[in-house]
Every structure is written in C-alpha cells, then in structure tokens.
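A.B. asks: Sharing model_29.csv (CSV, C-alpha atoms) below.
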chain,number,residue,atom,x,y,z
A,17,MET,CA,0.0,0.0,0.0
A,18,LYS,CA,2.9,2.3,0.8
A,19,LYS,CA,4.3,1.8,-2.6
A,20,VAL,CA,1.0,2.7,-4.2
A,21,ILE,CA,0.8,5.9,-2.1
A,22,CYS,CA,4.4,6.8,-3.0
A,23,PHE,CA,3.7,6.2,-6.7
A,24,ILE,CA,0.6,8.5,-6.5
A,25,ALA,CA,2.6,11.1,-4.6
A,26,LEU,CA,5.3,11.0,-7.3
A,27,LEU,CA,2.8,11.1,-10.1
A,28,PHE,CA,1.3,14.4,-8.7
A,29,SER,CA,4.6,15.8,-7.4
A,30,PRO,CA,5.6,19.3,-8.5
A,31,ALA,CA,8.3,17.9,-10.7
A,32,CYS,CA,5.9,15.6,-12.5
A,33,LEU,CA,3.2,18.3,-12.9
A,34,LEU,CA,5.9,20.7,-14.2
A,35,ALA,CA,7.0,18.2,-16.8
A,36,GLN,CA,3.4,17.8,-17.9
A,37,THR,CA,3.0,21.5,-18.2
A,38,GLU,CA,6.2,21.9,-20.2
A,39,GLU,CA,5.1,19.1,-22.6
A,40,ALA,CA,1.9,21.0,-23.2
A,41,LEU,CA,3.9,24.1,-24.0
A,42,VAL,CA,6.1,22.2,-26.4
A,43,LYS,CA,3.0,20.8,-28.1
A,44,LYS,CA,1.6,24.3,-28.5
A,45,CYS,CA,4.8,25.4,-30.2
A,46,ILE,CA,4.7,22.4,-32.7
A,47,GLU,CA,1.0,23.0,-33.3
A,48,SER,CA,1.8,26.6,-34.2
A,49,TYR,CA,4.2,25.3,-36.8
A,50,ILE,CA,1.5,22.8,-38.1
A,51,GLU,CA,-1.2,25.5,-38.3
A,52,GLY,CA,1.2,27.8,-40.2
A,53,THR,CA,2.2,25.1,-42.8
A,54,SER,CA,-1.4,23.8,-43.2
A,55,TYR,CA,-3.1,27.2,-43.5
A,56,ASN,CA,-0.4,29.3,-45.2
A,57,LYS,CA,0.4,31.4,-42.1
A,58,PRO,CA,4.0,32.4,-42.2
A,59,ASP,CA,3.7,34.4,-39.0
A,60,SER,CA,2.7,31.1,-37.1
A,61,ILE,CA,5.7,29.4,-38.6
A,62,GLU,CA,8.1,32.1,-37.6
A,63,LYS,CA,6.6,32.2,-34.1
A,64,ALA,CA,7.4,28.5,-33.7
A,65,PHE,CA,11.1,28.7,-34.8
A,66,TYR,CA,14.1,30.3,-33.2
A,67,PRO,CA,15.1,33.1,-35.7
A,68,GLU,CA,18.5,31.4,-36.5
A,69,ALA,CA,17.0,27.9,-36.7
A,70,SER,CA,17.6,25.7,-39.7
A,71,LEU,CA,15.8,22.9,-41.4
A,72,PHE,CA,17.8,19.9,-42.6
A,73,LEU,CA,15.9,18.6,-45.7
A,74,SER,CA,16.7,17.1,-49.0
A,75,ASN,CA,15.7,17.5,-52.6
A,76,LYS,CA,16.5,16.0,-56.0
A,77,ASP,CA,19.7,17.9,-56.2
A,78,LYS,CA,20.9,17.7,-52.6
A,79,GLU,CA,21.0,14.9,-50.2
A,80,LEU,CA,21.3,17.4,-47.4
A,81,TRP,CA,19.6,20.7,-48.1
A,82,ILE,CA,20.0,23.2,-45.2
A,83,VAL,CA,17.2,25.8,-45.3
A,84,PRO,CA,17.1,28.8,-42.8
A,85,ALA,CA,13.8,28.9,-40.9
A,86,SER,CA,13.2,32.5,-42.1
A,87,GLU,CA,13.4,31.3,-45.8
A,88,TYR,CA,11.2,28.3,-45.1
A,89,ALA,CA,8.4,30.5,-43.7
A,90,LYS,CA,8.4,32.5,-47.0
A,91,TRP,CA,7.4,29.4,-48.9
A,92,PHE,CA,4.0,29.8,-47.4
A,93,LYS,CA,3.6,33.5,-48.2
A,94,LYS,CA,0.9,33.0,-50.8
A,95,ASP,CA,-2.2,34.9,-51.9
A,96,ASN,CA,-4.4,32.4,-50.2
A,97,GLN,CA,-3.0,33.0,-46.7
A,98,GLY,CA,-5.3,31.4,-44.0
A,99,GLN,CA,-6.8,28.9,-46.4
A,100,PHE,CA,-6.3,25.2,-45.9
A,101,ASN,CA,-3.7,23.8,-48.4
A,102,GLY,CA,-4.2,20.1,-48.0
A,103,ARG,CA,-1.6,19.4,-45.4
A,104,ILE,CA,-2.9,17.5,-42.3
A,105,GLY,CA,-0.6,17.6,-39.3
A,106,ARG,CA,-0.6,16.0,-35.9
A,107,VAL,CA,1.9,15.6,-33.0
A,108,ILE,CA,2.9,12.0,-32.5
A,109,SER,CA,5.2,12.2,-29.6
A,110,ILE,CA,7.1,14.6,-27.3
A,111,ASP,CA,10.0,14.0,-24.9
A,112,VAL,CA,11.1,16.8,-22.5
A,113,TYR,CA,14.2,17.0,-20.4
A,114,ASN,CA,14.7,20.1,-18.4
A,115,ASN,CA,15.0,22.9,-21.0
A,116,ILE,CA,15.4,20.8,-24.1
A,117,ALA,CA,12.9,18.6,-26.0
A,118,SER,CA,12.4,16.5,-29.0
A,119,ALA,CA,9.2,16.0,-30.9
A,120,LYS,CA,7.8,14.0,-33.8
A,121,ALA,CA,4.9,15.1,-36.1
A,122,GLU,CA,3.1,13.5,-39.0
A,123,ILE,CA,2.2,15.6,-42.0
A,124,LEU,CA,-0.2,14.0,-44.5
A,125,ILE,CA,-0.9,15.3,-47.9
A,126,PRO,CA,-3.7,12.8,-49.0
A,127,GLY,CA,-4.1,14.5,-52.4
A,128,LYS,CA,-0.6,13.5,-53.2
A,129,LYS,CA,-0.6,10.2,-51.2
A,130,MET,CA,2.4,11.5,-49.3
A,131,GLU,CA,3.3,11.2,-45.6
A,132,PHE,CA,6.1,13.3,-44.1
A,133,ILE,CA,7.6,12.6,-40.7
A,134,ASP,CA,9.1,15.8,-39.1
A,135,LEU,CA,11.6,15.5,-36.3
A,136,PHE,CA,12.2,18.6,-34.1
A,137,LEU,CA,14.8,19.7,-31.6
A,138,LEU,CA,13.5,22.4,-29.3
A,139,LYS,CA,15.0,24.5,-26.5
A,140,LYS,CA,13.4,26.8,-24.0
A,141,LEU,CA,14.8,30.2,-24.5
A,142,GLN,CA,13.9,33.3,-22.4
A,143,GLY,CA,11.0,31.3,-21.0
A,144,GLU,CA,9.6,30.2,-24.4
A,145,TRP,CA,9.9,27.0,-26.3
A,146,LYS,CA,11.4,27.4,-29.8
A,147,ILE,CA,12.2,24.9,-32.6
A,148,ILE,CA,16.0,25.2,-33.1
A,149,SER,CA,16.2,22.5,-35.9
A,150,LYS,CA,13.9,20.3,-37.9
A,151,SER,CA,14.6,17.4,-40.3
A,152,ALA,CA,12.0,15.6,-42.4
A,153,SER,CA,11.5,12.6,-44.7
A,154,SER,CA,8.6,11.4,-46.8
A,155,LEU,CA,7.1,8.2,-48.1
A,156,SER,CA,4.1,7.4,-50.2
A,157,THR,CA,1.1,6.3,-48.1
A,158,ASN,CA,-2.5,5.1,-48.3
A,159,LYS,CA,-3.4,7.3,-45.3
A,160,SER,CA,-6.6,9.2,-46.2
A,161,GLY,CA,-6.7,11.8,-43.4
A,162,GLN,CA,-10.0,10.3,-42.2
A,163,ASN,CA,-10.2,9.8,-38.5
A,164,ILE,CA,-11.7,7.3,-36.1
A,165,LEU,CA,-12.1,8.1,-32.4
A,166,PHE,CA,-11.5,5.3,-29.8
A,167,ILE,CA,-13.3,5.9,-26.5
A,168,VAL,CA,-11.4,4.5,-23.5
A,169,SER,CA,-11.7,4.7,-19.7
A,170,ASN,CA,-9.3,6.0,-17.0
A,171,THR,CA,-10.8,3.7,-14.3
A,172,ASP,CA,-8.2,1.3,-12.9
A,173,HIS,CA,-10.4,-0.6,-10.4
A,174,TYR,CA,-13.8,-2.3,-10.3
A,175,GLY,CA,-15.9,0.4,-8.6
A,176,LYS,CA,-14.6,1.0,-5.0
A,177,SER,CA,-12.9,-2.4,-4.8
A,178,THR,CA,-9.2,-3.1,-4.9
A,179,ILE,CA,-9.7,-5.4,-7.9
A,180,ALA,CA,-7.6,-4.0,-10.8
A,181,ALA,CA,-9.5,-3.2,-14.0
A,182,GLY,CA,-8.2,-2.0,-17.4
A,183,ASN,CA,-9.0,-1.4,-21.0
A,184,SER,CA,-8.6,-4.5,-23.2
A,185,PHE,CA,-5.3,-4.2,-25.0
A,186,SER,CA,-6.2,-6.9,-27.4
A,187,GLU,CA,-9.4,-5.0,-28.4
A,188,ILE,CA,-7.5,-1.8,-28.9
A,189,VAL,CA,-4.7,-3.4,-30.9
A,190,ASN,CA,-6.9,-5.6,-33.2
A,191,ALA,CA,-9.2,-2.7,-34.2
A,192,TYR,CA,-6.4,-0.1,-34.3
A,193,ASN,CA,-4.3,-2.3,-36.7
A,194,THR,CA,-7.3,-2.9,-38.9
A,195,PHE,CA,-8.0,0.8,-39.3
A,196,LYS,CA,-4.3,1.7,-39.7
A,197,THR,CA,-3.9,-0.9,-42.5
A,198,GLU,CA,-6.8,0.7,-44.4
A,199,GLY,CA,-5.3,4.2,-44.1
A,200,TYR,CA,-7.3,5.6,-41.2
A,201,THR,CA,-5.9,7.7,-38.3
A,202,VAL,CA,-7.0,6.7,-34.8
A,203,ASP,CA,-7.3,9.1,-31.9
A,204,PHE,CA,-8.0,8.2,-28.3
A,205,VAL,CA,-10.3,10.1,-25.8
A,206,SER,CA,-11.0,9.3,-22.1
A,207,PRO,CA,-13.1,11.2,-19.5
A,208,GLU,CA,-10.0,12.6,-17.8
A,209,GLY,CA,-7.4,12.4,-20.7
A,210,GLY,CA,-3.9,11.2,-20.1
A,211,SER,CA,-2.8,7.7,-19.3
A,212,ILE,CA,-5.2,4.8,-19.2
A,213,PRO,CA,-4.9,1.3,-17.5
A,214,LEU,CA,-4.4,-1.7,-19.7
A,215,ALA,CA,-5.5,-5.3,-19.3
A,216,TYR,CA,-5.4,-8.6,-21.1
A,217,ILE,CA,-1.9,-8.0,-22.6
A,218,ASN,CA,-0.5,-11.1,-24.2
A,219,THR,CA,3.2,-10.7,-25.3
A,220,SER,CA,3.0,-14.1,-27.0
A,221,ASP,CA,0.6,-12.6,-29.5
A,222,THR,CA,2.7,-11.2,-32.4
A,223,LEU,CA,0.4,-8.2,-33.1
A,224,GLN,CA,0.1,-7.2,-29.4
A,225,LYS,CA,3.9,-7.5,-28.9
A,226,GLN,CA,4.5,-5.3,-32.0
A,227,TYR,CA,2.3,-2.5,-30.6
A,228,LEU,CA,3.4,-2.9,-27.0
A,229,PHE,CA,6.9,-2.0,-28.1
A,230,ASP,CA,5.8,0.7,-30.5
A,231,PRO,CA,6.8,4.0,-28.7
A,232,ASP,CA,4.5,6.2,-30.8
A,233,PHE,CA,1.5,3.9,-30.2
A,234,MET,CA,2.1,3.7,-26.5
A,235,TYR,CA,2.6,7.5,-26.3
A,236,ALA,CA,-0.9,7.9,-27.6
A,237,LEU,CA,-2.3,5.6,-24.9
A,238,LYS,CA,-0.3,7.5,-22.3
A,239,ASN,CA,-1.6,10.8,-23.6
A,240,THR,CA,-5.3,10.3,-24.5
A,241,LYS,CA,-7.2,13.4,-25.3
A,242,LYS,CA,-9.7,15.0,-22.9
A,243,PRO,CA,-13.3,15.4,-24.3
A,244,ASN,CA,-12.8,19.2,-24.6
A,245,GLU,CA,-9.9,18.6,-26.9
A,246,ILE,CA,-12.1,16.7,-29.4
A,247,ASP,CA,-13.7,18.3,-32.4
A,248,SER,CA,-16.5,15.9,-33.3
A,249,LYS,CA,-16.6,17.2,-36.9
A,250,ASN,CA,-13.2,15.4,-37.6
A,251,TYR,CA,-14.5,11.9,-37.1
A,252,LYS,CA,-16.3,9.3,-39.3
A,253,ALA,CA,-16.9,6.9,-36.3
A,254,VAL,CA,-16.5,6.5,-32.6
A,255,HIS,CA,-15.5,3.1,-31.2
A,256,TYR,CA,-16.0,2.1,-27.5
A,257,ILE,CA,-13.3,-0.2,-26.2
A,258,GLY,CA,-14.1,-2.9,-23.7
A,259,GLY,CA,-12.4,-4.3,-20.6
A,260,GLY,CA,-13.5,-4.0,-17.0
A,261,SER,CA,-12.7,-0.3,-17.1
A,262,ALA,CA,-15.4,0.3,-19.7
A,263,MET,CA,-18.2,-0.2,-17.1
A,264,TYR,CA,-17.2,2.9,-15.2
A,265,ASP,CA,-17.0,6.7,-15.9
A,266,VAL,CA,-17.5,6.4,-19.7
A,267,PRO,CA,-21.2,5.3,-19.8
A,268,GLU,CA,-22.3,8.4,-17.8
A,269,ASN,CA,-19.9,10.9,-19.1
A,270,LYS,CA,-22.0,13.7,-20.7
A,271,GLU,CA,-19.2,15.2,-22.8
A,272,ILE,CA,-18.3,11.9,-24.4
A,273,GLN,CA,-22.0,11.2,-25.0
A,274,THR,CA,-22.3,14.5,-26.8
A,275,ILE,CA,-19.3,13.7,-29.0
A,276,ALA,CA,-20.6,10.3,-30.0
A,277,LEU,CA,-24.1,11.6,-30.8
A,278,LYS,CA,-22.7,14.5,-32.9
A,279,VAL,CA,-20.6,12.1,-34.9
A,280,TYR,CA,-23.7,9.9,-35.4
A,281,GLU,CA,-26.4,12.6,-36.0
A,282,GLU,CA,-24.5,15.6,-37.4
A,283,ASN,CA,-21.7,13.8,-39.3
A,284,LYS,CA,-24.0,10.8,-40.3
A,285,GLY,CA,-21.2,8.7,-38.8
A,286,ILE,CA,-21.0,5.4,-37.0
A,287,ILE,CA,-21.3,4.5,-33.3
A,288,SER,CA,-19.6,1.2,-32.5
A,289,SER,CA,-18.5,-0.9,-29.6
A,290,VAL,CA,-17.0,-4.2,-28.6
A,291,CYS,CA,-17.5,-6.5,-25.6
A,292,HIS,CA,-17.9,-4.5,-22.4
A,293,GLY,CA,-17.4,-1.3,-24.5
A,294,THR,CA,-21.1,-1.7,-25.3
A,295,ALA,CA,-21.7,-0.4,-21.8
A,296,GLY,CA,-20.8,3.0,-23.2
A,297,ILE,CA,-23.8,3.2,-25.5
A,298,VAL,CA,-26.6,2.1,-23.2
A,299,ASN,CA,-27.3,5.7,-22.0
A,300,LEU,CA,-27.1,7.4,-25.4
A,301,LYS,CA,-30.3,9.2,-26.5
A,302,THR,CA,-30.8,10.6,-30.0
A,303,ASN,CA,-32.4,14.0,-30.7
A,304,ASP,CA,-35.9,12.5,-30.6
A,305,GLY,CA,-35.4,11.6,-27.0
A,306,ASN,CA,-35.3,7.9,-27.6
A,307,TYR,CA,-32.4,5.5,-26.5
A,308,LEU,CA,-30.0,4.8,-29.3
A,309,VAL,CA,-30.4,1.1,-28.8
A,310,ALA,CA,-34.2,1.0,-28.9
A,311,GLY,CA,-35.4,-1.3,-31.6
A,312,LYS,CA,-31.8,-2.0,-32.7
A,313,LYS,CA,-29.8,-5.3,-32.8
A,314,ILE,CA,-26.9,-4.9,-30.4
A,315,SER,CA,-24.1,-7.2,-29.3
A,316,GLY,CA,-21.7,-7.1,-26.4
A,317,TYR,CA,-20.5,-9.3,-23.6
A,318,PRO,CA,-23.6,-11.2,-22.4
A,319,ASP,CA,-24.7,-11.1,-18.8
A,320,SER,CA,-24.8,-14.9,-18.7
A,321,PHE,CA,-21.0,-15.1,-19.5
A,322,GLU,CA,-20.1,-13.0,-16.4
A,323,LYS,CA,-18.8,-14.8,-13.3
A,324,GLN,CA,-21.8,-13.8,-11.3
A,325,ASP,CA,-20.3,-15.4,-8.2
A,326,GLY,CA,-17.0,-13.5,-8.7
A,327,GLU,CA,-15.9,-10.7,-6.5
A,328,TYR,CA,-15.6,-8.2,-9.3
A,329,PHE,CA,-19.2,-8.7,-10.3
A,330,LYS,CA,-20.4,-7.3,-7.0
A,331,TYR,CA,-19.2,-3.9,-8.1
A,332,PHE,CA,-20.8,-3.8,-11.5
A,333,PRO,CA,-22.9,-0.6,-11.7
A,334,PHE,CA,-25.4,-2.3,-14.2
A,335,LEU,CA,-25.7,-5.2,-16.5
A,336,ILE,CA,-25.2,-4.5,-20.2
A,337,GLN,CA,-27.6,-7.0,-21.7
A,338,LYS,CA,-30.3,-6.4,-19.2
A,339,THR,CA,-30.1,-2.6,-19.6
A,340,ILE,CA,-30.1,-2.8,-23.4
A,341,GLU,CA,-33.2,-5.0,-23.4
A,342,GLU,CA,-35.0,-2.8,-20.8
A,343,ARG,CA,-34.4,0.1,-23.2
A,344,GLY,CA,-35.9,-1.7,-26.2
A,345,GLY,CA,-32.7,-3.2,-27.7
A,346,ILE,CA,-32.5,-6.7,-29.2
A,347,PHE,CA,-29.4,-8.2,-27.7
A,348,LYS,CA,-27.6,-10.8,-29.9
A,349,PHE,CA,-24.6,-13.1,-29.1
A,350,SER,CA,-23.0,-16.4,-30.0
A,351,ALA,CA,-21.0,-19.0,-28.1
A,352,ARG,CA,-18.0,-18.0,-26.1
A,353,ASN,CA,-14.8,-17.1,-27.9
A,354,VAL,CA,-16.5,-16.8,-31.3
A,355,SER,CA,-16.6,-13.6,-33.3
A,356,HIS,CA,-20.0,-12.1,-33.5
A,357,VAL,CA,-20.8,-8.7,-35.1
A,358,GLU,CA,-24.1,-7.0,-35.3
A,359,THR,CA,-24.9,-4.2,-37.7
A,360,ASP,CA,-28.1,-2.1,-37.5
A,361,GLY,CA,-28.0,1.0,-39.7
A,362,ARG,CA,-24.9,3.0,-38.5
A,363,ILE,CA,-24.5,1.1,-35.3
A,364,VAL,CA,-21.9,-1.7,-35.2
A,365,THR,CA,-21.3,-3.8,-32.2
A,366,GLY,CA,-19.2,-6.9,-31.4
A,367,GLN,CA,-19.4,-9.6,-28.7
A,368,ASN,CA,-15.8,-10.0,-27.6
A,369,PHE,CA,-12.2,-9.2,-28.5
A,370,GLN,CA,-12.4,-11.8,-31.2
A,371,SER,CA,-14.9,-9.5,-32.9
A,372,SER,CA,-12.7,-6.4,-32.8
A,373,SER,CA,-11.3,-6.7,-36.3
A,374,GLY,CA,-14.7,-7.7,-37.7
A,375,VAL,CA,-16.3,-4.6,-36.2
A,376,ALA,CA,-13.6,-2.4,-37.6
A,377,LEU,CA,-13.9,-3.9,-41.1
A,378,LYS,CA,-17.7,-3.4,-41.0
A,379,ILE,CA,-17.2,0.3,-40.1
A,380,ILE,CA,-14.8,0.7,-43.0
A,381,GLU,CA,-17.3,-0.9,-45.3
A,382,LEU,CA,-20.1,1.4,-44.2
A,383,ILE,CA,-17.9,4.5,-44.6
A,384,ASN,CA,-16.9,3.3,-48.2
A,385,ASN,CA,-20.5,2.6,-49.0
A,386,ALA,CA,-21.5,6.1,-47.9
A,387,LYS,CA,-18.9,7.7,-50.1
A,388,ASN,CA,-20.3,5.8,-53.1
A,389,GLU,CA,-24.0,6.8,-52.5
Could the structure of this file be written out as structure tokens, please?
C.D. replies:
Amino acid sequence: MKKVICFIALLFSPACLLAQTEEALVKKCIESYIEGTSYNKPDSIEKAFYPEASLFLSNKDKELWIVPASEYAKWFKKDNQGQFNGRIGRVISIDVYNNIASAKAEILIPGKKMEFIDLFLLKKLQGEWKIISKSASSLSTNKSGQNILFIVSNTDHYGKSTIAAGNSFSEIVNAYNTFKTEGYTVDFVSPEGGSIPLAYINTSDTLQKQYLFDPDFMYALKNTKKPNEIDSKNYKAVHYIGGGSAMYDVPENKEIQTIALKVYEENKGIISSVCHGTAGIVNLKTNDGNYLVAGKKISGYPDSFEKQDGEYFKYFPFLIQKTIEERGGIFKFSARNVSHVETDGRIVTGQNFQSSSGVALKIIELINNAKNE
C-alpha cells in the first residue's frame, strides 16, 4: 500500500506536474508550426522557430539541403493565406528533459498520397519553447486523413474495490491495426485524458507484442485526449473499447455522450463498440429523446457469460444485456470465444475481443458505401 501511495505522490509531485506543463507548451509550439504550414500562415511558422534555426531537408539535387527557418516561412507567403492547403498535421510524440525537448509530427498530404515525418529539436529560450532545428523525410502512403475516435476509460479498479481493471489491450490493438492498415488515423479520448490502465496483454501474440513496443502507439495511450480537446466534426466513427474499465465513468460521461451523438447525427457517422465497451452506448439518447439502442440489434458481452459469483461482479454498476433489453434493444450473441458482429444501420457492435477486427472492417465498409452513394 505504501508503494502505491508513494507512486501516486510521485505522479502528482511538483516535478511531475511541471514536466506535464512543459510538454503542453512544447506541443503548443509544434501546433503553431503545423497550423502555419497547413493554412499558409508564415507568422505562425516564424513564431514556432528560433530566428536562427535551420531545417535539414533534401531534394532531387541535394542529399542534405539546409534551409534557414526564415526562408522556409516565406514558402507559405501566398495569396491564399489562412486557407487550408491540403496538409494535415498532428503531433505524434514529445520528450522533454529540463530545458530541451524532441518531438515528432506526422504531416499527411492525402491528395498526393504522401506522408512526411518531421523530427524537431527544441530549446526553452527566455521562458519560451522554440524549434531550433527540424529534419523531415517522406514516403508514399495510403493514409486518407480520415479519423476514427476510440473511447477508453481512466478507471483502474472495479468500482470502489481493490480489484484491478483495465482497457482491453487486445481489443485496442486488433481494431487499431485494422484501421491503420486501411489508411485511417485513430485518436483516443478518455473522460480525464492522459494515461489509461491496460488489461489482457499477451506478449506471445505477435500483433500485441508489436504494438506494446511501438513507442508512438504507447505514447498515444499515455496521452489520450480530454473530451474538450475533441472536435467531433473530424470523425467518421466512434468506437467504444471494452475491458472492465469500460463499465465505469464512460457510460455516464456527458461530454463523451455529446461527442458520440454529434458524430452519429450531425456527421452521419457510426457508433460502434465491442465486448464491455457496449456499456458506453446504453445511455445514449438521440435528438428525438429515444435511447439509441431502442429497436436495434446490439451485441456485447452477455450477462450470462459473467462470473456472477465472482468478487468483481459485485461492483458492476449495471448489466449490459439487461439494460439494453430494458431500453428496447435486441441483444444478440453467439457461443464463447466466437466472433459475433451485429450491424443495424450505422450502429456496429461486437461480442468480444475476437470480434474487434470484424467490427472495424464493417465500419470501413459502411464508410466506403456512404462515399459511393
């Protein structure tokens, strides 16, 4: 118990909180660069760079092409300043040590099927973070710039018990890899933002092992977005991840409910879930005041599959199947350890982690069908 208390004290120590604040400031600097290069704003680019900074690039004539930051900013001085130019950028990772930092960003140009990776070195000068150098490289890509939002939980115990709970790593990985392979970008949101607990990690599984040791992927799980950082207009679908954590915080979180319903009703997007992640959709109500699940075929982890004599079960806030049926849903499932996916309009749900890839593939199919209509 003392170790846990010490860990919590360390996590919220002034040094740790200071590091988190500095990381946010570094991110703000990189985002100024991204905004400037995506919307032809040279002032934003110049603001991000130290005046004497250089970019280490390459072109068809030079393997190493050194460009002063001041000259680079002029590349974006066009008549259409402030207009989107087709570049989609996002911060992938940040590492801060005292007054220096490194960062990585992805820049997509879907129209040219190009992906750039930018690597930055930053230094805090006169109290402000500045990029002092940047290098970049590019490859062709199938990334489309379309985004899927994974909804995860910060809860690390079953209710008020001491029984550990987590988000299903296998469900995250199986769906994430399916979307990534098809050119989609996945973001993560949780009620509190930041790091999330993980469960059901199997390092003997090749795919899980691959992602467990992928620093950019794990950075995303350590730095999930808060609901107020999410712009629902950017997403084609939301996907609720399962695991014991999914039973808590997420189902009653109003901000996440609003995001999901805006994607569904305003974007004509998809709401999806898998296993215990289906707990996240039971409270959703559409604009007509009806429950989302009413009259819909829904899958998730069945009540009869729970260990109802298990200690963890005593702390369940509600039963998924029972609640869905009480609210007019038609709950469907198959035998244990068998993939089972239900699709009803723009709602896609799966029974277990074995269904994760199937749910993702169905979402992609629906998105592609909508494009062709």
A.B. asks: To one decimal place, how far is atom CA of Ala117 of chain A from atom CA of Glu245 of chain A in Å?
C.D. replies: 22.8 Å
A.B. asks: Between atom CA of Leu165 of chain A and atom CA of Pro267 of chain A, measure the distance and give it in Å to one decimal.
C.D. replies: 15.8 Å
A.B. asks: Using all atoms listed in the file for the distances, tell me which of A:Asn158, A:Ser184, A:Ser169, A:Gln370 is nearest to Gly258 of chain A.
C.D. replies: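 Checking each candidate against Gly258 of chain A, we get A:Ser184 as the closest.
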A.B. asks: Record the distance separating atom CA of Trp145 of chain A and atom CA of Ser48 of chain A, expressed in Å with one decimal.
C.D. replies: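 Atom-to-atom, atom CA of Trp145 of chain A and atom CA of Ser48 of chain A are spaced 11.3 Å apart.
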A.B. asks: Using only C-alpha atoms, which protein or nucleic acid residues come within 9 Å of Ile212 of chain A? Drop anything in the same chain fewer than 4 positions from it, and give the result as a count of residues only.
C.D. replies: 12
A.B. asks: Show me the residues around (11.5, 18.3, -41.2) - criterion: an atom at most 10 Å away, all atoms listed in the file counted - as a JSON list (two decimals) with C-alpha atoms, keeping the file's coordinate frame.
C.D. replies:
[["chain", "number", "residue", "atom", "x", "y", "z"],
["A", 70, "SER", "CA", 17.60, 25.70, -39.70],
["A", 71, "LEU", "CA", 15.80, 22.90, -41.40],
["A", 72, "PHE", "CA", 17.80, 19.90, -42.60],
["A", 73, "LEU", "CA", 15.90, 18.60, -45.70],
["A", 74, "SER", "CA", 16.70, 17.10, -49.00],
["A", 120, "LYS", "CA", 7.80, 14.00, -33.80],
["A", 121, "ALA", "CA", 4.90, 15.10, -36.10],
["A", 122, "GLU", "CA", 3.10, 13.50, -39.00],
["A", 123, "ILE", "CA", 2.20, 15.60, -42.00],
["A", 132, "PHE", "CA", 6.10, 13.30, -44.10],
["A", 133, "ILE", "CA", 7.60, 12.60, -40.70],
["A", 134, "ASP", "CA", 9.10, 15.80, -39.10],
["A", 135, "LEU", "CA", 11.60, 15.50, -36.30],
["A", 136, "PHE", "CA", 12.20, 18.60, -34.10],
["A", 149, "SER", "CA", 16.20, 22.50, -35.90],
["A", 150, "LYS", "CA", 13.90, 20.30, -37.90],
["A", 151, "SER", "CA", 14.60, 17.40, -40.30],
["A", 152, "ALA", "CA", 12.00, 15.60, -42.40],
["A", 153, "SER", "CA", 11.50, 12.60, -44.70],
["A", 154, "SER", "CA", 8.60, 11.40, -46.80]]
A.B. asks: With distances taken over all atoms listed in the file, which of A:Val189, A:Lys387, A:Asn269, A:Leu41 is nearest to Gly285 of chain A?
C.D. replies: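 Using all atoms listed in the file, Gly285 of chain A sits closest to A:Lys387.
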A.B. asks: Export segment 75-87 of chain A of the preceding structure, keeping N, CA, C and O atoms, as a CSV table (one decimal), in the first residue's frame.
C.D. replies:
chain,number,residue,atom,x,y,z
A,75,ASN,N,16.4,17.4,-51.4
A,75,ASN,CA,15.7,17.5,-52.6
A,75,ASN,C,16.4,16.7,-53.7
A,75,ASN,O,17.3,16.0,-53.5
A,76,LYS,N,15.9,16.8,-55.0
A,76,LYS,CA,16.5,16.0,-56.0
A,76,LYS,C,17.9,16.3,-56.3
A,76,LYS,O,18.6,15.5,-56.9
A,77,ASP,N,18.3,17.5,-55.9
A,77,ASP,CA,19.7,17.9,-56.2
A,77,ASP,C,20.7,17.7,-55.0
A,77,ASP,O,21.9,17.5,-55.2
A,78,LYS,N,20.1,17.8,-53.8
A,78,LYS,CA,20.9,17.7,-52.6
A,78,LYS,C,20.4,16.7,-51.6
A,78,LYS,O,19.3,16.7,-51.3
A,79,GLU,N,21.4,15.8,-51.2
A,79,GLU,CA,21.0,14.9,-50.2
A,79,GLU,C,20.8,15.5,-48.9
A,79,GLU,O,19.9,15.1,-48.1
A,80,LEU,N,21.5,16.6,-48.6
A,80,LEU,CA,21.3,17.4,-47.4
A,80,LEU,C,21.2,18.9,-47.8
A,80,LEU,O,22.1,19.5,-48.3
A,81,TRP,N,20.0,19.4,-47.7
A,81,TRP,CA,19.6,20.7,-48.1
A,81,TRP,C,19.3,21.5,-46.8
A,81,TRP,O,18.3,21.2,-46.2
A,82,ILE,N,20.2,22.5,-46.5
A,82,ILE,CA,20.0,23.2,-45.2
A,82,ILE,C,19.3,24.5,-45.6
A,82,ILE,O,19.7,25.3,-46.4
A,83,VAL,N,18.1,24.7,-45.0
A,83,VAL,CA,17.2,25.8,-45.3
A,83,VAL,C,17.0,26.7,-44.0
A,83,VAL,O,16.5,26.1,-43.0
A,84,PRO,N,17.3,27.9,-44.0
A,84,PRO,CA,17.1,28.8,-42.8
A,84,PRO,C,15.6,28.8,-42.5
A,84,PRO,O,14.8,28.9,-43.5
A,85,ALA,N,15.2,28.9,-41.3
A,85,ALA,CA,13.8,28.9,-40.9
A,85,ALA,C,13.1,30.1,-41.5
A,85,ALA,O,11.9,30.1,-41.9
A,86,SER,N,13.8,31.3,-41.6
A,86,SER,CA,13.2,32.5,-42.1
A,86,SER,C,12.8,32.3,-43.6
A,86,SER,O,11.8,32.8,-44.1
A,87,GLU,N,13.7,31.6,-44.3
A,87,GLU,CA,13.4,31.3,-45.8
A,87,GLU,C,12.3,30.3,-45.9
A,87,GLU,O,11.4,30.5,-46.8
